[in-house]
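Novice: Take this structure, written in structure tokens, and hold onto it; I'll ask about it next.
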Amino acid sequence: MKNDDIKTEIESLRSEINRHNHLYYVEDNPEISDAEFDMLMQRLLELEGEYPEFLTSDSPTQRVGATPLDSFETVKHPLRMLSLANAFTEDEFDEWYTRTLRLAEGSSFDFVCELKMDGLAVALTYEKGQFVIGATRGDGVNGENITLNLRTIRSIPLTIKDNAAPPFEVRGEVFITKPGFEKLNLARSHQGLSLFANPRNAAAGSVRQLDPRLTAERPLDIYVYMIGWSESTDLPDTHWGRLSYLKILGFKTNPNSKRVSSIKEVKEFYRYWLEKRSSLPYDVDGVVVKINQIELQQKLGDVGREPRWAIALKFPPVQATTLLKEIKISVGRTGTMNPYAVLEPIQIGGVTVKQATLHNEDDILRKDVREGDTVIVQRAGDVIPQIVGPVLSKRPQNSQPFSMEEKLRDAASGLSVCPECGSVISKPKGEVMYYCPDAACPAQAERRIEHFASREAMDIRGIGENLSVVLLRSGLVKDFADLYYLTAQNIMKLDNMGQKSVSNLLKSIEGSKKPSLERLIFGFGIRHVGIETASLLVKHFKSLDKLMVATAEDLNQINGIGPKIAESIVAFFANPANLAIIKKLEQAGVLPPEIQGELAKEAPLDGLEFVITGRLTNFTREEAEARIRELGGSAKSDITRKTNFLVAGESPGSKLQKARNLGIKEITEGDLVSLLAKHSPD
């Protein structure tokens with residue numbers, strides 16, 4: 001093949017790969033499968049390897065592969081990157097508007113409203129249609145050159161559609177979505193690494209890695225929000241027009257931005273997203289309001305480091321400061337020592353918060369949180385209270401860093417022991433959690449009973465945290481298998497248990513005797529085995545008997561089962577106490593042979609992936625997902641190209657639009673009910 005032909009094929013491949021990257025990462029509308037994309041990329045890699053003279057820096061193969069840096073160079077911004085003034089109330093926004101009207105001196109204008117992303121501002125410079133420099137905001141005048149890291153973000157085009165465009169700079173916000181942040185922290189937890197405090201810190205830390213290969217492993221994304229500067233004299237004369245122009249060039253802009261004509265519409269936009277912000281897949285902390293007319297922007301100019309033509313109308317805080325009275329330790333069902341903060345009660349977003357999660361000792365030490373500190377508390381995702389960090393200026397002089405071993409030190413023996421049973425705790429090599437090793441620990445037993453009876457497991461209605469504790473401490477049960485040996489006469493002896501409550505409880509226990517195998521395995525509470533892992537085990541082994549004798553080598557052959565999970569499963573079934581519990585379940589009729597035979601049949605929904613959005617009326621989302629998994633399907637939380645069906649309930653969220661963009665089949669709750677009924681046994 002001639003060199004000209006090789007060069008033509010390479011250029012064609014690059015163009016095709018860039019187009020598919022744009023469809024997937026920017027438009028959420030892929031045209032080809034992952035396998036087909038991989039084939040294109042592999043062919044390009046082969047040709048560039050064989051003909052290195054045709055390798056260019058803007059090739060899609062070069063997004064990752066740069067040599068790690070010793071430090072970042074400094075970049076001087078040709079046009080200063082400004083910060084926004086803030087309005088914390090609608091009254092303050094009205095004051096800004098009144099000032100703007102006066103300064104506009106009769107000029108007419110409208111507005112563009114944009115969600116204020118909680119990420120990291122960056123500037124991207126393009127010359128001859130190619131991305132050449134990427135920088136942080138820095139102090140507004142000078143930033144850090146993070147070009148190599150930004151090149152790894154697939155939603156940033158390395159080349160634009162107009163390669164004849166004069167040099168220009170776009171500005172945007174790099175961020176990590178909430179689901180991406182949770183997955184990132186989960187992976188770091190499994191690796192024994194410290195956790196990121198929030199998505200913004202994760203994004204900022206990822207972009208400022210000296211090794212671009214580490215940045216490439218992080219789920220980073222970007223929305224561009226303006227043209228910073230340009231040598232072109234033919235740009236649209238409105239901000240809204242320029243956003244449209246950027247989208248045409250191939251940049252990713254936020255689809256929730258809106259052009260409005262009055263402050264009434266600005267406030268409607270603000271109030272709408274104030275209510276709906278928790279439904280967004282990323283964090284926002286307000287609305288940015290910009291004057292749309294570029295000529296008026298230039299006339300108004302800026303004051304200090306803030307433009308007069310834009311303002312951030314901030315949402316009310318979901319953070320507050322309060323006193324951390326004590327760090328206590330609870331014992332999980334797998335023996336984990338789980339620290340949590342006891343707080344001076346504080347109102348956050350209309351909810352009284354008295355406690356907050358602290359994850360583990362490493363997380364506490366990373367944040368340097370101590371008993372007696374005044375701490376910043378936030379409701380993560382507007383729901384789960386978390387501690388952001390201490391207010392160091394208010395720290396007591398005699399405060400001491402937290403130590404799990406010191407916290408649980410027994411004065412008599414000098415050993416660190418479980419607060420519930422007194423067993424000496426341990427921290428396995430390579431893990432971040434401390435554990436109580438005693439399977440008979442009452443706290444573990446209480447949590448295991450509660451977990452076994454939970455809706456996602458055996459679904460025994462009426463057995464929650466309180467009754468689990470009462471049943472165990474009264475001596476009526478020693479483990480979850482004993483639930484099937486309870487009698488009305490025994491339960492009636494407990495306080496606050498009337499005849500009807502007892503009858504309903506026993507009926508629910510009896511009705512749970514025919515579970516799906518994955519629910520039962522999940523209910524066992526095996527360390528590291530969630531409902532998805534339980535589903536993988538059922539699909540592979542088809543019966544509990546086969547799973548119980550599986551070796552670590554057998555388990556490691558299953559895609560999605562790693563060495564840590566395999567070791568945990570083998571250890572669980574090697575424990576005589578656990579085998580005794582399973583034997584009691586069999587004797588109680590929880591594992592009848594006909595159920596095992598049914599489980600071994602081909603699952604009718606095998607290979608199909610479902611995502612549920614919105615409110616369901618026939619059952620809870622957890623119940624629907626469990627029914628899907630019982631029939632061999634997968635129930636996921638995120639829309640991907642592998643999703644087969646989106647189940648849309650009442651008031652669906654942003655997943656609905658994403659599914660439509662990807663061409664994923666949309667079904668109603670009624671369709672799901674019919675599908676499940678069709679394949680469920682009579």
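Every chain in the structure tokens has a letter given in the order shown (A, B, ...), and although residue numbers restart at 1 in each chain, ligands are simply numbered from 1 in the order shown.
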Which residues are close to Met117 of chain A, i.e. within 6 Å by only C-alpha atoms, leaving aside same-chain residues fewer than 2 positions away? Reply as a ChimeraX atom specification.
Specialist: /A:115,119,284
Novice: Save out the residues we just selected, C-alpha atoms, as a PDB file, in the first residue's frame.
Specialist:
```
ATOM      1  CA  LEU A 115     -26.821  26.317  36.153  1.00  0.00           C
ATOM      2  CA  GLY A 119     -16.528  22.050  39.444  1.00  0.00           C
ATOM      3  CA  VAL A 284     -24.965  22.805  41.290  1.00  0.00           C
TER       4      VAL A 284
END
```
Novice: Neighbours of Asp221 of chain A within 7 Å (only C-alpha atoms; same-chain residues fewer than 6 positions away dropped), as a list of chain:residue names?
Specialist: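 Listing them by chain and then by number gives A:Ile153, A:Ser155, A:Val174, A:Phe175, A:Ile176.
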Novice: Between atom CA of Lys252 of chain A and atom CA of Ile160 of chain A, what is the distance, to one decimal in Å?
Specialist: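 Interatomic distance here is 11.7 Å.
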Novice: So that I can see what lies close to segment 399-405 of chain A, please list as a ChimeraX atom specification the residues with an atom at most 8 Å from it, counting only C-alpha atoms and leaving out residues fewer than 4 positions away in the same chain.
Specialist: /A:361,364-365,368-373,395,409,416
Novice: Write to file, as a PDB file, in the first residue's frame, the residues of the selection just made, with C-alpha atoms.
Specialist:
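Contents of the output file out.pdb:
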```pdb
ATOM      1  CA  GLU A 361     -10.603   5.999  60.389  1.00  0.00           C
ATOM      2  CA  ILE A 364     -11.483  10.958  59.722  1.00  0.00           C
ATOM      3  CA  LEU A 365      -7.717  11.453  59.691  1.00  0.00           C
ATOM      4  CA  ASP A 368      -8.578  15.835  60.616  1.00  0.00           C
ATOM      5  CA  VAL A 369     -11.921  15.743  62.424  1.00  0.00           C
ATOM      6  CA  ARG A 370     -11.717  15.565  66.231  1.00  0.00           C
ATOM      7  CA  GLU A 371     -14.093  15.313  69.139  1.00  0.00           C
ATOM      8  CA  GLY A 372     -14.939  18.792  70.402  1.00  0.00           C
ATOM      9  CA  ASP A 373     -14.442  20.405  66.982  1.00  0.00           C
ATOM     10  CA  ARG A 395     -10.658  24.009  67.723  1.00  0.00           C
ATOM     11  CA  ARG A 409      -8.894   0.732  74.182  1.00  0.00           C
ATOM     12  CA  SER A 416      -8.580  -2.431  71.581  1.00  0.00           C
TER      13      SER A 416
END
```
Novice: Segment 183-307 of chain A: which residues are alpha helix (DSSP H) by DSSP, as a PyMOL selection string?
Specialist: chain A and resi 183-190+199-207+212-216+239-249+263-276+294-300
Novice: Write the selection just made, keeping N, CA and C atoms, as a compact mmCIF listing (two decimals), in the first residue's frame?
Specialist:
```txt
# COMPACT_ATOMS: atom_id res chain seq x y z
N LYS A 183 -18.96 5.90 42.42
CA LYS A 183 -18.18 4.76 41.91
C LYS A 183 -16.69 4.96 42.17
N LEU A 184 -16.23 6.19 41.99
CA LEU A 184 -14.81 6.50 42.23
C LEU A 184 -14.46 6.26 43.68
N ASN A 185 -15.27 6.75 44.61
CA ASN A 185 -14.98 6.56 46.03
C ASN A 185 -15.11 5.10 46.44
N LEU A 186 -16.07 4.38 45.84
CA LEU A 186 -16.22 2.96 46.15
C LEU A 186 -14.97 2.19 45.72
N ALA A 187 -14.47 2.52 44.53
CA ALA A 187 -13.26 1.85 44.05
C ALA A 187 -12.07 2.19 44.95
N ARG A 188 -11.96 3.44 45.38
CA ARG A 188 -10.86 3.84 46.26
C ARG A 188 -10.97 3.15 47.61
N SER A 189 -12.19 2.98 48.10
CA SER A 189 -12.40 2.29 49.37
C SER A 189 -11.93 0.84 49.27
N HIS A 190 -12.28 0.18 48.15
CA HIS A 190 -11.86 -1.21 47.97
C HIS A 190 -10.35 -1.33 47.84
N PRO A 199 -17.65 15.74 44.97
CA PRO A 199 -17.31 15.67 43.54
C PRO A 199 -16.38 16.79 43.08
N ARG A 200 -16.53 18.00 43.64
CA ARG A 200 -15.67 19.10 43.20
C ARG A 200 -14.21 18.82 43.55
N ASN A 201 -13.97 18.39 44.78
CA ASN A 201 -12.59 18.07 45.18
C ASN A 201 -12.03 16.94 44.31
N ALA A 202 -12.88 15.97 44.00
CA ALA A 202 -12.44 14.85 43.17
C ALA A 202 -12.06 15.33 41.77
N ALA A 203 -12.87 16.24 41.21
CA ALA A 203 -12.58 16.77 39.87
C ALA A 203 -11.29 17.59 39.89
N ALA A 204 -11.17 18.48 40.88
CA ALA A 204 -9.99 19.33 40.96
C ALA A 204 -8.73 18.49 41.17
N GLY A 205 -8.82 17.51 42.06
CA GLY A 205 -7.66 16.65 42.30
C GLY A 205 -7.29 15.82 41.09
N SER A 206 -8.30 15.40 40.32
CA SER A 206 -8.04 14.58 39.14
C SER A 206 -7.36 15.38 38.04
N VAL A 207 -7.81 16.62 37.84
CA VAL A 207 -7.27 17.46 36.78
C VAL A 207 -5.83 17.89 37.09
N PRO A 212 -0.84 12.10 33.62
CA PRO A 212 -2.11 12.12 32.88
C PRO A 212 -2.82 10.77 32.86
N ARG A 213 -2.07 9.69 33.03
CA ARG A 213 -2.70 8.36 33.01
C ARG A 213 -3.64 8.19 34.20
N LEU A 214 -3.31 8.82 35.32
CA LEU A 214 -4.21 8.77 36.48
C LEU A 214 -5.46 9.60 36.22
N THR A 215 -5.28 10.76 35.57
CA THR A 215 -6.43 11.59 35.23
C THR A 215 -7.38 10.83 34.32
N ALA A 216 -6.82 10.08 33.38
CA ALA A 216 -7.64 9.35 32.41
C ALA A 216 -8.52 8.30 33.07
N HIS A 239 -24.63 36.31 23.72
CA HIS A 239 -24.07 35.16 24.44
C HIS A 239 -24.79 33.89 24.03
N TRP A 240 -26.11 33.96 23.88
CA TRP A 240 -26.88 32.78 23.48
C TRP A 240 -26.44 32.29 22.10
N GLY A 241 -26.20 33.24 21.20
CA GLY A 241 -25.74 32.87 19.87
C GLY A 241 -24.37 32.21 19.91
N ARG A 242 -23.52 32.67 20.80
CA ARG A 242 -22.18 32.09 20.91
C ARG A 242 -22.23 30.67 21.51
N LEU A 243 -23.15 30.46 22.45
CA LEU A 243 -23.31 29.09 22.97
C LEU A 243 -23.74 28.14 21.85
N SER A 244 -24.65 28.61 21.00
CA SER A 244 -25.09 27.79 19.86
C SER A 244 -23.94 27.55 18.90
N TYR A 245 -23.12 28.56 18.68
CA TYR A 245 -21.95 28.44 17.81
C TYR A 245 -20.96 27.41 18.36
N LEU A 246 -20.73 27.46 19.67
CA LEU A 246 -19.81 26.49 20.29
C LEU A 246 -20.33 25.07 20.12
N LYS A 247 -21.63 24.89 20.23
CA LYS A 247 -22.21 23.55 20.04
C LYS A 247 -22.00 23.06 18.62
N ILE A 248 -22.15 23.97 17.65
CA ILE A 248 -21.92 23.61 16.25
C ILE A 248 -20.47 23.18 16.03
N LEU A 249 -19.53 23.84 16.71
CA LEU A 249 -18.11 23.50 16.58
C LEU A 249 -17.77 22.15 17.20
N ILE A 263 -36.76 39.60 34.51
CA ILE A 263 -36.30 39.07 35.79
C ILE A 263 -37.34 38.13 36.38
N LYS A 264 -38.59 38.27 35.98
CA LYS A 264 -39.61 37.32 36.43
C LYS A 264 -39.27 35.93 35.94
N GLU A 265 -38.86 35.82 34.67
CA GLU A 265 -38.48 34.52 34.12
C GLU A 265 -37.18 34.01 34.74
N VAL A 266 -36.27 34.94 35.07
CA VAL A 266 -35.04 34.54 35.77
C VAL A 266 -35.40 33.85 37.09
N LYS A 267 -36.31 34.46 37.84
CA LYS A 267 -36.69 33.92 39.15
C LYS A 267 -37.45 32.60 39.00
N GLU A 268 -38.22 32.47 37.94
CA GLU A 268 -38.92 31.21 37.70
C GLU A 268 -37.91 30.10 37.42
N PHE A 269 -36.89 30.42 36.62
CA PHE A 269 -35.81 29.46 36.33
C PHE A 269 -35.10 29.06 37.63
N TYR A 270 -34.78 30.07 38.44
CA TYR A 270 -34.09 29.84 39.71
C TYR A 270 -34.92 28.95 40.64
N ARG A 271 -36.20 29.28 40.79
CA ARG A 271 -37.05 28.52 41.71
C ARG A 271 -37.28 27.10 41.22
N TYR A 272 -37.37 26.94 39.92
CA TYR A 272 -37.56 25.59 39.36
C TYR A 272 -36.37 24.70 39.71
N TRP A 273 -35.15 25.21 39.49
CA TRP A 273 -33.97 24.38 39.74
C TRP A 273 -33.63 24.30 41.22
N LEU A 274 -34.08 25.27 42.00
CA LEU A 274 -33.92 25.14 43.45
C LEU A 274 -34.67 23.91 43.94
N GLU A 275 -35.84 23.65 43.37
CA GLU A 275 -36.65 22.49 43.75
C GLU A 275 -36.14 21.21 43.11
N LYS A 276 -35.63 21.32 41.87
CA LYS A 276 -35.29 20.12 41.10
C LYS A 276 -33.80 19.77 41.13
N ILE A 294 -23.63 41.02 23.83
CA ILE A 294 -22.18 41.13 24.01
C ILE A 294 -21.74 42.59 24.04
N GLU A 295 -22.33 43.43 23.21
CA GLU A 295 -21.94 44.84 23.17
C GLU A 295 -22.20 45.51 24.52
N LEU A 296 -23.32 45.16 25.16
CA LEU A 296 -23.62 45.74 26.47
C LEU A 296 -22.69 45.16 27.53
N GLN A 297 -22.34 43.89 27.41
CA GLN A 297 -21.36 43.30 28.32
C GLN A 297 -20.06 44.12 28.30
N GLN A 298 -19.60 44.41 27.09
CA GLN A 298 -18.34 45.15 26.95
C GLN A 298 -18.47 46.57 27.47
N LYS A 299 -19.64 47.17 27.31
CA LYS A 299 -19.87 48.52 27.80
C LYS A 299 -19.87 48.55 29.33
N LEU A 300 -20.51 47.56 29.95
CA LEU A 300 -20.58 47.51 31.42
C LEU A 300 -19.23 47.18 32.03
```
Novice: My list of candidates is A:Cys113, A:Ala320, A:Leu23, A:Ala439. Which is closest to Asn661 of chain A when distances are computed with only C-alpha atoms?
Specialist: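 Residue with the minimum atom-to-atom distance to Asn661 of chain A: A:Leu23.
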Novice: What lies within 7 Å of Met458 of chain A using only C-alpha atoms, ignoring chain neighbours under 5 positions off, as a VMD selection string?
Specialist: chain A and resid 452 to 453 512 515 519 to 520 523
Novice: Ranking A:Leu608, A:Leu323, A:Cys418, A:Ala123 by minimum distance to Asn145 of chain A and counting only C-alpha atoms, which one comes first?
Specialist: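 Comparing A:Leu608, A:Leu323, A:Cys418, A:Ala123 against Asn145 of chain A, the winner is A:Ala123.
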Novice: Please identify all polymer residues within 10 Å of segment 39-55 of chain A, counting only C-alpha atoms, omitting same-chain residues fewer than 6 positions from it, and present them as a list in words.
Specialist: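 Returned residues: Asn3, Ile6, Lys7, Glu9, Ile10, Glu11, Ser12, Leu13, Arg14, Glu16, Ile17, Thr61 and Gln62 of chain A.
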Novice: Which residues are near Val122 of chain A? Cut-off 10 Å, only C-alpha atoms, ignore same chain within fewer than 3 positions. Put them as a PDB file with N, CA and C atoms, in the first residue's frame.
Specialist:
```
ATOM      1  N   MET A  81      -9.402  35.796  33.580  1.00  0.00           N
ATOM      2  CA  MET A  81     -10.553  34.980  33.953  1.00  0.00           C
ATOM      3  C   MET A  81     -11.147  35.567  35.235  1.00  0.00           C
ATOM      4  N   GLY A 119     -17.673  22.783  39.979  1.00  0.00           N
ATOM      5  CA  GLY A 119     -16.528  22.050  39.444  1.00  0.00           C
ATOM      6  C   GLY A 119     -15.286  22.914  39.429  1.00  0.00           C
ATOM      7  N   GLY A 134      -4.477  24.031  27.634  1.00  0.00           N
ATOM      8  CA  GLY A 134      -5.543  24.015  28.621  1.00  0.00           C
ATOM      9  C   GLY A 134      -4.981  24.468  29.959  1.00  0.00           C
ATOM     10  N   ALA A 135      -5.703  25.358  30.642  1.00  0.00           N
ATOM     11  CA  ALA A 135      -5.164  25.928  31.882  1.00  0.00           C
ATOM     12  C   ALA A 135      -6.252  26.077  32.934  1.00  0.00           C
ATOM     13  N   THR A 136      -5.821  26.067  34.185  1.00  0.00           N
ATOM     14  CA  THR A 136      -6.727  26.361  35.294  1.00  0.00           C
ATOM     15  C   THR A 136      -6.940  27.865  35.387  1.00  0.00           C
ATOM     16  N   ARG A 137      -7.941  28.294  36.166  1.00  0.00           N
ATOM     17  CA  ARG A 137      -8.170  29.722  36.375  1.00  0.00           C
ATOM     18  C   ARG A 137      -7.000  30.350  37.123  1.00  0.00           C
ATOM     19  N   GLY A 138      -6.475  29.634  38.139  1.00  0.00           N
ATOM     20  CA  GLY A 138      -5.405  30.191  38.952  1.00  0.00           C
ATOM     21  C   GLY A 138      -5.873  31.445  39.671  1.00  0.00           C
ATOM     22  N   GLY A 143      -2.532  30.862  35.301  1.00  0.00           N
ATOM     23  CA  GLY A 143      -3.043  29.560  35.682  1.00  0.00           C
ATOM     24  C   GLY A 143      -2.002  28.485  35.453  1.00  0.00           C
ATOM     25  N   GLU A 144      -2.357  27.255  35.725  1.00  0.00           N
ATOM     26  CA  GLU A 144      -1.443  26.130  35.533  1.00  0.00           C
ATOM     27  C   GLU A 144      -1.742  25.443  34.202  1.00  0.00           C
ATOM     28  N   ASN A 145      -0.691  25.075  33.502  1.00  0.00           N
ATOM     29  CA  ASN A 145      -0.825  24.381  32.223  1.00  0.00           C
ATOM     30  C   ASN A 145      -1.162  22.909  32.488  1.00  0.00           C
ATOM     31  N   ILE A 146      -2.417  22.545  32.274  1.00  0.00           N
ATOM     32  CA  ILE A 146      -2.869  21.165  32.510  1.00  0.00           C
ATOM     33  C   ILE A 146      -3.352  20.536  31.203  1.00  0.00           C
ATOM     34  N   LEU A 150      -6.212  17.571  30.458  1.00  0.00           N
ATOM     35  CA  LEU A 150      -7.489  17.889  29.829  1.00  0.00           C
ATOM     36  C   LEU A 150      -7.684  17.104  28.535  1.00  0.00           C
ATOM     37  N   VAL A 170     -12.050  28.950  24.716  1.00  0.00           N
ATOM     38  CA  VAL A 170     -13.349  28.713  25.348  1.00  0.00           C
ATOM     39  C   VAL A 170     -13.112  28.412  26.827  1.00  0.00           C
ATOM     40  N   ARG A 171     -14.113  28.729  27.612  1.00  0.00           N
ATOM     41  CA  ARG A 171     -14.011  28.486  29.049  1.00  0.00           C
ATOM     42  C   ARG A 171     -15.125  27.551  29.482  1.00  0.00           C
ATOM     43  N   GLY A 172     -14.793  26.678  30.401  1.00  0.00           N
ATOM     44  CA  GLY A 172     -15.764  25.683  30.826  1.00  0.00           C
ATOM     45  C   GLY A 172     -15.512  25.209  32.237  1.00  0.00           C
ATOM     46  N   GLU A 173     -16.368  24.285  32.671  1.00  0.00           N
ATOM     47  CA  GLU A 173     -16.295  23.754  34.028  1.00  0.00           C
ATOM     48  C   GLU A 173     -16.111  22.244  33.955  1.00  0.00           C
ATOM     49  N   VAL A 174     -14.999  21.765  34.484  1.00  0.00           N
ATOM     50  CA  VAL A 174     -14.752  20.326  34.570  1.00  0.00           C
ATOM     51  C   VAL A 174     -15.424  19.797  35.835  1.00  0.00           C
ATOM     52  N   VAL A 207      -7.812  16.618  37.839  1.00  0.00           N
ATOM     53  CA  VAL A 207      -7.268  17.461  36.776  1.00  0.00           C
ATOM     54  C   VAL A 207      -5.834  17.887  37.089  1.00  0.00           C
ATOM     55  N   ILE A 222     -17.108  17.796  31.032  1.00  0.00           N
ATOM     56  CA  ILE A 222     -17.014  19.258  30.961  1.00  0.00           C
ATOM     57  C   ILE A 222     -18.250  19.837  30.283  1.00  0.00           C
ATOM     58  N   VAL A 224     -18.817  23.615  28.457  1.00  0.00           N
ATOM     59  CA  VAL A 224     -18.240  24.926  28.156  1.00  0.00           C
ATOM     60  C   VAL A 224     -19.341  25.971  28.255  1.00  0.00           C
TER      61      VAL A 224
END
```
Novice: Taking only C-alpha atoms into account, which of A:Pro255, A:Gly140, A:Gly511, A:Gly250 comes nearest Val75 of chain A?
Specialist: A:Gly140
Novice: Restricting the calculation to only C-alpha atoms: of A:Val549, A:Ile582, A:Leu505, A:Ile569, which residue gets closest to Ala481 of chain A?
Specialist: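 Once distances to Ala481 of chain A are computed over only C-alpha atoms, the minimum belongs to A:Ile582.
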Novice: Can you tell me how far atom CA of Gly414 of chain A sits from atom CA of Met337 of chain A, in Å to one decimal?
Specialist: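 Separation of atom CA of Gly414 of chain A and atom CA of Met337 of chain A: 18.2 Å.
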Novice: Output as a VMD selection string all residues of segment 180-429 of chain A that backbone DSSP marks as strand (DSSP E).
Specialist: chain A and resid 220 to 230 258 to 260 284 to 291 302 to 303 306 to 307 310 to 314 319 to 331 337 to 348 351 to 357 374 to 380 384 to 390
Novice: Can I get the residues of segment 223-329 of chain A within 10 Å of segment 356-359 of chain A, each with the closest pair of atoms and their distance in Å to one decimal, using only C-alpha atoms, sorted chain first then ascending number, as JSON lines?
Specialist:
```
{"residue": "A:Leu324", "atom": "CA", "partner": "A:Ala356", "partner_atom": "CA", "distance": 9.4}
{"residue": "A:Ile327", "atom": "CA", "partner": "A:Leu358", "partner_atom": "CA", "distance": 8.7}
{"residue": "A:Lys328", "atom": "CA", "partner": "A:Leu358", "partner_atom": "CA", "distance": 9.8}
{"residue": "A:Ile329", "atom": "CA", "partner": "A:Leu358", "partner_atom": "CA", "distance": 9.9}
```
